[in-house]
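Participant: Input structure: target.txt, which contains compact mmCIF, N, CA and C atoms.
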```txt
# COMPACT_ATOMS: atom_id res chain seq x y z
N MET A 855 -173.58 -109.26 -143.45
CA MET A 855 -172.32 -108.73 -143.94
C MET A 855 -171.98 -109.43 -145.25
N THR A 856 -171.64 -108.65 -146.22
CA THR A 856 -171.21 -109.24 -147.49
C THR A 856 -169.70 -109.42 -147.46
N HIS A 857 -169.20 -110.18 -148.41
CA HIS A 857 -167.76 -110.39 -148.50
C HIS A 857 -167.03 -109.10 -148.86
N ASP A 858 -167.75 -108.10 -149.35
CA ASP A 858 -167.14 -106.81 -149.64
C ASP A 858 -166.62 -106.14 -148.37
N ASN A 859 -167.14 -106.54 -147.22
CA ASN A 859 -166.74 -105.94 -145.95
C ASN A 859 -165.64 -106.74 -145.24
N ILE A 860 -165.02 -107.66 -145.93
CA ILE A 860 -163.95 -108.47 -145.33
C ILE A 860 -162.62 -108.04 -145.93
N ASP A 861 -161.65 -107.80 -145.04
CA ASP A 861 -160.28 -107.48 -145.42
C ASP A 861 -160.13 -106.21 -146.24
N SER A 862 -160.78 -105.15 -145.82
CA SER A 862 -160.50 -103.84 -146.39
C SER A 862 -159.00 -103.63 -146.31
N PRO A 863 -158.33 -103.30 -147.42
CA PRO A 863 -156.86 -103.17 -147.39
C PRO A 863 -156.35 -102.20 -146.33
N ALA A 864 -156.99 -101.07 -146.17
CA ALA A 864 -156.53 -100.09 -145.18
C ALA A 864 -156.66 -100.63 -143.75
N LEU A 865 -157.80 -101.25 -143.45
CA LEU A 865 -158.01 -101.79 -142.11
C LEU A 865 -157.13 -103.00 -141.85
N LEU A 866 -156.94 -103.83 -142.86
CA LEU A 866 -156.06 -104.98 -142.71
C LEU A 866 -154.64 -104.51 -142.40
N ALA A 867 -154.19 -103.45 -143.05
CA ALA A 867 -152.86 -102.90 -142.77
C ALA A 867 -152.78 -102.38 -141.33
N GLU A 868 -153.83 -101.74 -140.85
CA GLU A 868 -153.85 -101.23 -139.48
C GLU A 868 -153.75 -102.37 -138.46
N VAL A 869 -154.56 -103.40 -138.64
CA VAL A 869 -154.57 -104.51 -137.69
C VAL A 869 -153.24 -105.28 -137.76
N THR A 870 -152.73 -105.46 -138.96
CA THR A 870 -151.45 -106.16 -139.11
C THR A 870 -150.35 -105.40 -138.38
N ALA A 871 -150.33 -104.09 -138.51
CA ALA A 871 -149.34 -103.28 -137.80
C ALA A 871 -149.50 -103.42 -136.29
N ALA A 872 -150.73 -103.40 -135.81
CA ALA A 872 -150.98 -103.56 -134.37
C ALA A 872 -150.54 -104.94 -133.90
N PHE A 873 -150.83 -105.97 -134.69
CA PHE A 873 -150.42 -107.34 -134.35
C PHE A 873 -148.91 -107.43 -134.20
N TYR A 874 -148.17 -106.86 -135.12
CA TYR A 874 -146.71 -106.93 -135.06
C TYR A 874 -146.13 -106.01 -133.99
N ARG A 875 -146.82 -104.93 -133.63
CA ARG A 875 -146.41 -104.13 -132.46
C ARG A 875 -146.55 -104.98 -131.20
N TYR A 876 -147.63 -105.72 -131.13
CA TYR A 876 -147.84 -106.62 -129.99
C TYR A 876 -146.72 -107.66 -129.95
N GLU A 877 -146.42 -108.26 -131.08
CA GLU A 877 -145.38 -109.29 -131.12
C GLU A 877 -144.03 -108.72 -130.66
N GLN A 878 -143.67 -107.55 -131.13
CA GLN A 878 -142.41 -106.92 -130.72
C GLN A 878 -142.42 -106.63 -129.23
N ALA A 879 -143.53 -106.13 -128.71
CA ALA A 879 -143.64 -105.86 -127.28
C ALA A 879 -143.54 -107.15 -126.48
N LEU A 880 -144.10 -108.23 -127.01
CA LEU A 880 -144.06 -109.52 -126.31
C LEU A 880 -142.64 -110.03 -126.19
N ILE A 881 -141.91 -110.08 -127.29
CA ILE A 881 -140.57 -110.67 -127.23
C ILE A 881 -139.56 -109.75 -126.54
N SER A 882 -139.86 -108.45 -126.45
CA SER A 882 -138.96 -107.54 -125.74
C SER A 882 -139.43 -107.27 -124.30
N ASN A 883 -140.53 -107.91 -123.90
CA ASN A 883 -141.13 -107.77 -122.57
C ASN A 883 -141.45 -106.31 -122.24
N ASP A 884 -142.00 -105.61 -123.22
CA ASP A 884 -142.43 -104.22 -123.03
C ASP A 884 -143.85 -104.27 -122.45
N VAL A 885 -143.92 -104.37 -121.14
CA VAL A 885 -145.19 -104.58 -120.45
C VAL A 885 -146.15 -103.41 -120.70
N ALA A 886 -145.64 -102.20 -120.71
CA ALA A 886 -146.51 -101.04 -120.95
C ALA A 886 -147.16 -101.11 -122.32
N ALA A 887 -146.40 -101.49 -123.34
CA ALA A 887 -146.95 -101.61 -124.69
C ALA A 887 -147.94 -102.76 -124.77
N LEU A 888 -147.63 -103.88 -124.13
CA LEU A 888 -148.56 -105.01 -124.12
C LEU A 888 -149.88 -104.60 -123.49
N ASP A 889 -149.81 -103.95 -122.34
CA ASP A 889 -151.02 -103.51 -121.66
C ASP A 889 -151.82 -102.53 -122.51
N ALA A 890 -151.13 -101.64 -123.20
CA ALA A 890 -151.81 -100.63 -124.02
C ALA A 890 -152.55 -101.25 -125.20
N LEU A 891 -152.13 -102.43 -125.64
CA LEU A 891 -152.77 -103.07 -126.79
C LEU A 891 -153.96 -103.94 -126.40
N PHE A 892 -154.19 -104.11 -125.11
CA PHE A 892 -155.38 -104.82 -124.63
C PHE A 892 -156.45 -103.80 -124.26
N TRP A 893 -157.69 -104.18 -124.47
CA TRP A 893 -158.83 -103.36 -124.06
C TRP A 893 -158.80 -103.22 -122.55
N GLU A 894 -158.86 -102.01 -122.06
CA GLU A 894 -158.81 -101.74 -120.63
C GLU A 894 -160.22 -101.88 -120.07
N ASP A 895 -160.57 -103.13 -119.75
CA ASP A 895 -161.93 -103.41 -119.32
C ASP A 895 -161.95 -104.72 -118.53
N ASP A 896 -162.90 -104.82 -117.61
CA ASP A 896 -163.04 -106.04 -116.81
C ASP A 896 -163.53 -107.23 -117.64
N ARG A 897 -164.05 -106.96 -118.84
CA ARG A 897 -164.55 -108.04 -119.71
C ARG A 897 -163.49 -108.61 -120.63
N THR A 898 -162.28 -108.07 -120.61
CA THR A 898 -161.20 -108.59 -121.43
C THR A 898 -160.78 -109.95 -120.89
N VAL A 899 -160.55 -110.91 -121.79
CA VAL A 899 -160.21 -112.27 -121.39
C VAL A 899 -158.92 -112.69 -122.10
N ARG A 900 -158.03 -113.36 -121.34
CA ARG A 900 -156.84 -113.96 -121.93
C ARG A 900 -156.66 -115.34 -121.33
N TYR A 901 -156.83 -116.36 -122.18
CA TYR A 901 -156.55 -117.73 -121.76
C TYR A 901 -155.13 -118.04 -122.19
N GLY A 902 -154.26 -118.35 -121.23
CA GLY A 902 -152.87 -118.64 -121.53
C GLY A 902 -152.61 -120.13 -121.52
N ALA A 903 -151.35 -120.46 -121.69
CA ALA A 903 -150.94 -121.87 -121.70
C ALA A 903 -151.16 -122.51 -120.34
N THR A 904 -151.08 -121.72 -119.27
CA THR A 904 -151.23 -122.27 -117.93
C THR A 904 -152.16 -121.46 -117.04
N GLU A 905 -152.83 -120.45 -117.60
CA GLU A 905 -153.64 -119.57 -116.77
C GLU A 905 -154.87 -119.08 -117.53
N ASN A 906 -155.91 -118.77 -116.76
CA ASN A 906 -157.11 -118.12 -117.29
C ASN A 906 -157.21 -116.76 -116.62
N LEU A 907 -157.19 -115.71 -117.42
CA LEU A 907 -157.18 -114.35 -116.89
C LEU A 907 -158.44 -113.62 -117.32
N TYR A 908 -159.15 -113.09 -116.34
CA TYR A 908 -160.39 -112.37 -116.59
C TYR A 908 -160.23 -110.93 -116.12
N GLY A 909 -160.30 -110.00 -117.06
CA GLY A 909 -160.19 -108.59 -116.74
C GLY A 909 -158.78 -108.07 -116.95
N ILE A 910 -158.70 -106.79 -117.28
CA ILE A 910 -157.41 -106.18 -117.59
C ILE A 910 -156.46 -106.22 -116.40
N GLU A 911 -156.96 -106.09 -115.17
CA GLU A 911 -156.05 -106.10 -114.02
C GLU A 911 -155.39 -107.46 -113.85
N ALA A 912 -156.11 -108.55 -114.07
CA ALA A 912 -155.51 -109.89 -113.98
C ALA A 912 -154.46 -110.07 -115.08
N ILE A 913 -154.75 -109.55 -116.26
CA ILE A 913 -153.79 -109.64 -117.36
C ILE A 913 -152.54 -108.83 -117.03
N ARG A 914 -152.71 -107.64 -116.49
CA ARG A 914 -151.56 -106.81 -116.11
C ARG A 914 -150.74 -107.47 -115.01
N ASP A 915 -151.40 -108.05 -114.02
CA ASP A 915 -150.68 -108.74 -112.95
C ASP A 915 -149.85 -109.89 -113.51
N PHE A 916 -150.43 -110.64 -114.42
CA PHE A 916 -149.70 -111.75 -115.05
C PHE A 916 -148.47 -111.23 -115.78
N ARG A 917 -148.63 -110.18 -116.56
CA ARG A 917 -147.51 -109.61 -117.33
C ARG A 917 -146.37 -109.17 -116.41
N ARG A 918 -146.72 -108.53 -115.32
CA ARG A 918 -145.69 -108.05 -114.38
C ARG A 918 -144.94 -109.19 -113.72
N GLY A 919 -145.60 -110.34 -113.56
CA GLY A 919 -144.99 -111.44 -112.83
C GLY A 919 -144.33 -112.52 -113.67
N ARG A 920 -144.48 -112.45 -114.97
CA ARG A 920 -143.93 -113.53 -115.79
C ARG A 920 -142.43 -113.33 -116.04
N PRO A 921 -141.71 -114.42 -116.31
CA PRO A 921 -140.27 -114.30 -116.59
C PRO A 921 -140.04 -113.44 -117.84
N SER A 922 -138.94 -112.72 -117.83
CA SER A 922 -138.64 -111.84 -118.97
C SER A 922 -137.57 -112.41 -119.89
N GLN A 923 -137.13 -113.63 -119.63
CA GLN A 923 -136.12 -114.27 -120.47
C GLN A 923 -136.76 -115.36 -121.33
N GLY A 924 -136.12 -115.67 -122.46
CA GLY A 924 -136.59 -116.75 -123.32
C GLY A 924 -137.89 -116.46 -124.03
N LEU A 925 -138.13 -115.21 -124.37
CA LEU A 925 -139.39 -114.83 -125.00
C LEU A 925 -139.33 -114.82 -126.53
N ASP A 926 -138.13 -114.89 -127.10
CA ASP A 926 -138.02 -114.91 -128.57
C ASP A 926 -138.77 -116.10 -129.13
N ARG A 927 -139.38 -115.89 -130.28
CA ARG A 927 -140.11 -116.98 -130.92
C ARG A 927 -140.20 -116.69 -132.41
N GLN A 928 -140.47 -117.74 -133.15
CA GLN A 928 -140.65 -117.63 -134.60
C GLN A 928 -142.12 -117.88 -134.92
N LEU A 929 -142.72 -116.99 -135.68
CA LEU A 929 -144.12 -117.14 -136.07
C LEU A 929 -144.23 -117.87 -137.40
N CYS A 930 -145.32 -118.58 -137.58
CA CYS A 930 -145.64 -119.18 -138.88
C CYS A 930 -147.16 -119.31 -138.99
N ASN A 931 -147.61 -119.44 -140.20
CA ASN A 931 -149.04 -119.60 -140.49
C ASN A 931 -149.89 -118.49 -139.87
N THR A 932 -149.38 -117.27 -139.91
CA THR A 932 -150.13 -116.13 -139.38
C THR A 932 -151.23 -115.73 -140.35
N THR A 933 -152.43 -115.62 -139.83
CA THR A 933 -153.59 -115.20 -140.62
C THR A 933 -154.31 -114.10 -139.87
N ILE A 934 -154.53 -112.99 -140.55
CA ILE A 934 -155.27 -111.88 -139.97
C ILE A 934 -156.43 -111.55 -140.91
N THR A 935 -157.63 -111.52 -140.36
CA THR A 935 -158.82 -111.25 -141.15
C THR A 935 -159.62 -110.14 -140.47
N VAL A 936 -160.01 -109.15 -141.26
CA VAL A 936 -160.81 -108.04 -140.75
C VAL A 936 -162.25 -108.21 -141.23
N PHE A 937 -163.18 -108.07 -140.30
CA PHE A 937 -164.60 -108.19 -140.61
C PHE A 937 -165.26 -106.84 -140.37
N GLY A 938 -165.75 -106.23 -141.43
CA GLY A 938 -166.40 -104.93 -141.29
C GLY A 938 -165.39 -103.84 -140.98
N ASP A 939 -165.83 -102.85 -140.21
CA ASP A 939 -164.99 -101.69 -139.92
C ASP A 939 -164.26 -101.78 -138.59
N SER A 940 -164.63 -102.76 -137.74
CA SER A 940 -164.09 -102.66 -136.38
C SER A 940 -163.77 -103.98 -135.69
N THR A 941 -163.77 -105.09 -136.41
CA THR A 941 -163.48 -106.38 -135.78
C THR A 941 -162.49 -107.16 -136.62
N ALA A 942 -161.54 -107.81 -135.94
CA ALA A 942 -160.55 -108.62 -136.65
C ALA A 942 -160.16 -109.80 -135.78
N VAL A 943 -159.68 -110.84 -136.44
CA VAL A 943 -159.16 -112.02 -135.76
C VAL A 943 -157.76 -112.29 -136.29
N ALA A 944 -156.83 -112.49 -135.37
CA ALA A 944 -155.45 -112.83 -135.73
C ALA A 944 -155.13 -114.20 -135.15
N SER A 945 -154.59 -115.06 -135.99
CA SER A 945 -154.21 -116.42 -135.58
C SER A 945 -152.78 -116.66 -136.03
N THR A 946 -152.01 -117.31 -135.19
CA THR A 946 -150.64 -117.64 -135.57
C THR A 946 -150.17 -118.87 -134.80
N GLU A 947 -149.16 -119.50 -135.33
CA GLU A 947 -148.44 -120.55 -134.62
C GLU A 947 -147.06 -120.01 -134.31
N PHE A 948 -146.41 -120.56 -133.28
CA PHE A 948 -145.06 -120.11 -132.95
C PHE A 948 -144.24 -121.25 -132.38
N THR A 949 -142.94 -121.13 -132.54
CA THR A 949 -141.99 -122.06 -131.95
C THR A 949 -140.91 -121.25 -131.24
N ARG A 950 -140.27 -121.91 -130.29
CA ARG A 950 -139.16 -121.29 -129.57
C ARG A 950 -137.94 -122.19 -129.69
N GLU A 951 -136.78 -121.56 -129.73
CA GLU A 951 -135.53 -122.30 -129.81
C GLU A 951 -135.43 -123.26 -128.63
N ASN A 952 -134.90 -124.44 -128.87
CA ASN A 952 -134.70 -125.47 -127.84
C ASN A 952 -136.01 -126.02 -127.28
N SER A 953 -137.07 -125.93 -128.05
CA SER A 953 -138.34 -126.51 -127.62
C SER A 953 -139.00 -127.20 -128.81
N SER A 954 -139.56 -128.37 -128.55
CA SER A 954 -140.27 -129.10 -129.60
C SER A 954 -141.76 -128.75 -129.62
N ARG A 955 -142.19 -127.96 -128.68
CA ARG A 955 -143.60 -127.61 -128.59
C ARG A 955 -143.97 -126.55 -129.62
N VAL A 956 -145.19 -126.66 -130.11
CA VAL A 956 -145.74 -125.67 -131.05
C VAL A 956 -146.80 -124.88 -130.31
N GLY A 957 -146.63 -123.57 -130.33
CA GLY A 957 -147.62 -122.70 -129.70
C GLY A 957 -148.64 -122.22 -130.71
N ARG A 958 -149.82 -121.92 -130.19
CA ARG A 958 -150.89 -121.36 -131.03
C ARG A 958 -151.45 -120.16 -130.29
N GLN A 959 -151.75 -119.14 -131.06
CA GLN A 959 -152.27 -117.90 -130.47
C GLN A 959 -153.40 -117.36 -131.33
N MET A 960 -154.48 -116.99 -130.69
CA MET A 960 -155.58 -116.32 -131.38
C MET A 960 -155.95 -115.08 -130.60
N GLN A 961 -156.23 -114.02 -131.33
CA GLN A 961 -156.63 -112.76 -130.72
C GLN A 961 -157.83 -112.20 -131.47
N THR A 962 -158.78 -111.68 -130.71
CA THR A 962 -159.88 -110.91 -131.28
C THR A 962 -159.57 -109.45 -131.03
N TRP A 963 -159.52 -108.68 -132.11
CA TRP A 963 -159.21 -107.25 -132.06
C TRP A 963 -160.47 -106.45 -132.39
N VAL A 964 -160.67 -105.34 -131.68
CA VAL A 964 -161.77 -104.43 -131.95
C VAL A 964 -161.19 -103.03 -132.07
N LYS A 965 -161.71 -102.27 -133.04
CA LYS A 965 -161.25 -100.90 -133.21
C LYS A 965 -162.10 -99.97 -132.36
N PHE A 966 -161.45 -99.31 -131.41
CA PHE A 966 -162.08 -98.32 -130.55
C PHE A 966 -161.59 -96.94 -130.99
N ALA A 967 -162.10 -95.90 -130.34
CA ALA A 967 -161.69 -94.54 -130.68
C ALA A 967 -160.17 -94.38 -130.55
N GLY A 968 -159.55 -95.09 -129.61
CA GLY A 968 -158.11 -95.00 -129.40
C GLY A 968 -157.29 -95.94 -130.24
N GLY A 969 -157.93 -96.72 -131.10
CA GLY A 969 -157.20 -97.65 -131.96
C GLY A 969 -157.62 -99.09 -131.72
N TRP A 970 -156.89 -100.00 -132.35
CA TRP A 970 -157.18 -101.43 -132.26
C TRP A 970 -156.70 -101.98 -130.92
N ARG A 971 -157.58 -102.76 -130.27
CA ARG A 971 -157.25 -103.37 -128.98
C ARG A 971 -157.69 -104.83 -128.98
N ILE A 972 -156.93 -105.65 -128.27
CA ILE A 972 -157.27 -107.06 -128.09
C ILE A 972 -158.34 -107.14 -127.02
N VAL A 973 -159.46 -107.79 -127.33
CA VAL A 973 -160.54 -107.95 -126.35
C VAL A 973 -160.59 -109.38 -125.81
N ALA A 974 -160.00 -110.31 -126.57
CA ALA A 974 -159.92 -111.70 -126.15
C ALA A 974 -158.72 -112.35 -126.79
N ALA A 975 -158.02 -113.17 -126.01
CA ALA A 975 -156.83 -113.85 -126.53
C ALA A 975 -156.78 -115.27 -125.96
N HIS A 976 -156.17 -116.15 -126.73
CA HIS A 976 -156.01 -117.53 -126.32
C HIS A 976 -154.64 -118.01 -126.80
N VAL A 977 -153.87 -118.56 -125.87
CA VAL A 977 -152.55 -119.12 -126.18
C VAL A 977 -152.55 -120.56 -125.69
N SER A 978 -152.06 -121.47 -126.53
CA SER A 978 -151.96 -122.86 -126.10
C SER A 978 -150.69 -123.47 -126.69
N LEU A 979 -150.26 -124.58 -126.12
CA LEU A 979 -149.05 -125.28 -126.57
C LEU A 979 -149.38 -126.72 -126.86
N MET A 980 -148.77 -127.25 -127.91
CA MET A 980 -148.92 -128.66 -128.28
C MET A 980 -147.55 -129.32 -128.22
N GLU A 981 -147.55 -130.58 -127.86
CA GLU A 981 -146.29 -131.34 -127.89
C GLU A 981 -145.90 -131.66 -129.31
```
Mind turning this structure into C-alpha cells?

Facilitator:
Amino acid sequence: MTHDNIDSPALLAEVTAAFYRYEQALISNDVAALDALFWEDDRTVRYGATENLYGIEAIRDFRRGRPSQGLDRQLCNTTITVFGDSTAVASTEFTRENSSRVGRQMQTWVKFAGGWRIVAAHVSLME
C-alpha cells in the first residue's frame, strides 16, 4: 500500500461521521444504534475497562446491562486514519466530569456493503 491510499478525503469523512454517530449513541445510551455500528459477527471483539467481550451477542448483552447514567464525556486527541478503501482506525482519549481518570478508546472499522462497522474495540482507563 502506498501513502496515496491513506486518508482518502471522502472515506475519512465517512468514517469520521460514523465515529461521531457512535459517540452520540454512546452518551445517549442508544443501544440499538450502538449495536448497529458493530459488525454483527461472532468474531467481533470489545475489550472494555472491566470486561472482555467476544462476539456480537456478548457485546449486546453488555450494552443492555450497563448503567445508563453518567455517560457524558469529553473527547480529546481524537485521531482517525483510513487505510485503503475499507479499513480505518479511530483513537481517542476521554474524560468525565467528577473523575480524574483518563479513558482511552481504540476502534478498528471496516467498510462492509452496509457501511462502516466496528470489528474490534478497546477501552481502558488510567489514573

Participant: Suppose you want the space between CA of Ala871 (chain A) and atom N of Thr935 (chain A); what is it in Å?

Facilitator: 12.0 Å

Participant: Show me a table, sorted first by chain and then by increasing residue number, of the residues of region 881-953 of chain A having an atom at most 9 Å from region 968-973 of chain A, each with its shortest atom pair and the distance in Å to one decimal, counting only C-alpha atoms and written as a Markdown table.

Facilitator:
```
| residue | atom | partner | partner_atom | distance |
| --- | --- | --- | --- | --- |
| A:Ala890 | CA | A:Arg971 | CA | 7.9 |
| A:Leu891 | CA | A:Arg971 | CA | 5.0 |
| A:Phe892 | CA | A:Ile972 | CA | 4.5 |
| A:Trp893 | CA | A:Arg971 | CA | 5.2 |
| A:Glu894 | CA | A:Val973 | CA | 8.6 |
| A:Asp895 | CA | A:Val973 | CA | 8.5 |
| A:Arg897 | CA | A:Val973 | CA | 7.8 |
| A:Thr898 | CA | A:Val973 | CA | 5.0 |
| A:Val899 | CA | A:Val973 | CA | 6.6 |
| A:Arg900 | CA | A:Val973 | CA | 8.3 |
| A:Ser940 | CA | A:Trp970 | CA | 8.1 |
| A:Thr941 | CA | A:Trp970 | CA | 8.8 |
```

Participant: Choose the residue, out of A:Leu979, A:Leu888, A:Ile881, A:Ala974, that has the smallest atom-to-atom separation from Gly909 (chain A); count only C-alpha atoms.

Facilitator: A:Ala974

Participant: Name the residues of chain A that come out as strand (DSSP E) in a backbone DSSP run; write them as number ranges by chain.

Facilitator: A: 899-901, 906-908, 928-937, 941-949, 956-966, 969-980

Participant: Between CA of Ala912 (chain A) and CA of Asn931 (chain A), what is the spacing in Å?

Facilitator: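 Computing the Euclidean distance for CA of Asn931 (chain A) and CA of Ala912 (chain A) yields 29.0 Å.
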
Participant: Would you compute the distance between atom C of His976 (chain A) and atom C of Asn906 (chain A)? Give it in Å to one decimal.

Facilitator: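 Computed distance, atom C of His976 (chain A) to atom C of Asn906 (chain A), equals 10.6 Å.
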
Participant: If you run DSSP on the backbone here, which positions in region 886-963 of chain A get alpha helix (DSSP H)? Please write them as a list of chain:residue names.

Facilitator: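 So, restricting region 886-963 of chain A to alpha helix (DSSP H), we get A:Ala886, A:Ala887, A:Leu888, A:Asp889, A:Ala890, A:Ile910, A:Glu911, A:Ala912, A:Ile913, A:Arg914, A:Asp915, A:Phe916, A:Arg917, A:Arg918, A:Gly919.
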
Participant: With 6 Å on each side, where is the centre of the axis-aligned box around all listed atoms of region 859-872 of chain A, and how long are its edges in Å to one decimal, as JSON?

Facilitator:
```
{"center_x": -158.2, "center_y": -104.3, "center_z": -140.7, "size_x": 29.8, "size_y": 20.4, "size_z": 25.5}
```

Participant: Pick out the residues sitting within 9 Å of Leu880 (chain A), and hand them over as a list in words; count only C-alpha atoms, and ignore anything fewer than 5 positions along from it in its own chain.

Facilitator: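 Once the nearby chain positions are removed, what remains is Arg875, Val885, Ala887, Leu888, Leu925 and Asp926 of chain A.
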
Participant: Give me, as a ChimeraX atom specification, all polymer residues having an atom no more than 7 Å from Val936 (chain A), counting all atoms listed in the file and skipping those fewer than 4 positions away in the same chain.

Facilitator: /A:859-862,865-866,940-943

Participant: Which is closer to Gly938 (chain A) than all the others in A:Leu907, A:Met980, A:Arg917, A:Trp963, using only C-alpha atoms?

Facilitator: A:Trp963

Participant: Counting only C-alpha atoms, figure out which residue out of A:Ser882, A:Leu929, A:Phe916, A:Ile934 gets nearest to Ala867 (chain A).

Facilitator: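 Once distances to Ala867 (chain A) are computed over only C-alpha atoms, the minimum belongs to A:Ile934.
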
Participant: Could you give me, as a PyMOL selection string, the residues that sit within 12 Å of (-139.5, -113.7, -127.7) in the file's coordinates, counting only C-alpha atoms?

Facilitator: chain A and resi 876-884+921-929+948-951

Participant: Pick the closest to Arg914 (chain A) from A:Val964, A:Ala944, A:Cys930, A:Asp889: which is it, counting only N, CA and C atoms?

Facilitator: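 Once distances to Arg914 (chain A) are computed over only N, CA and C atoms, the minimum belongs to A:Asp889.
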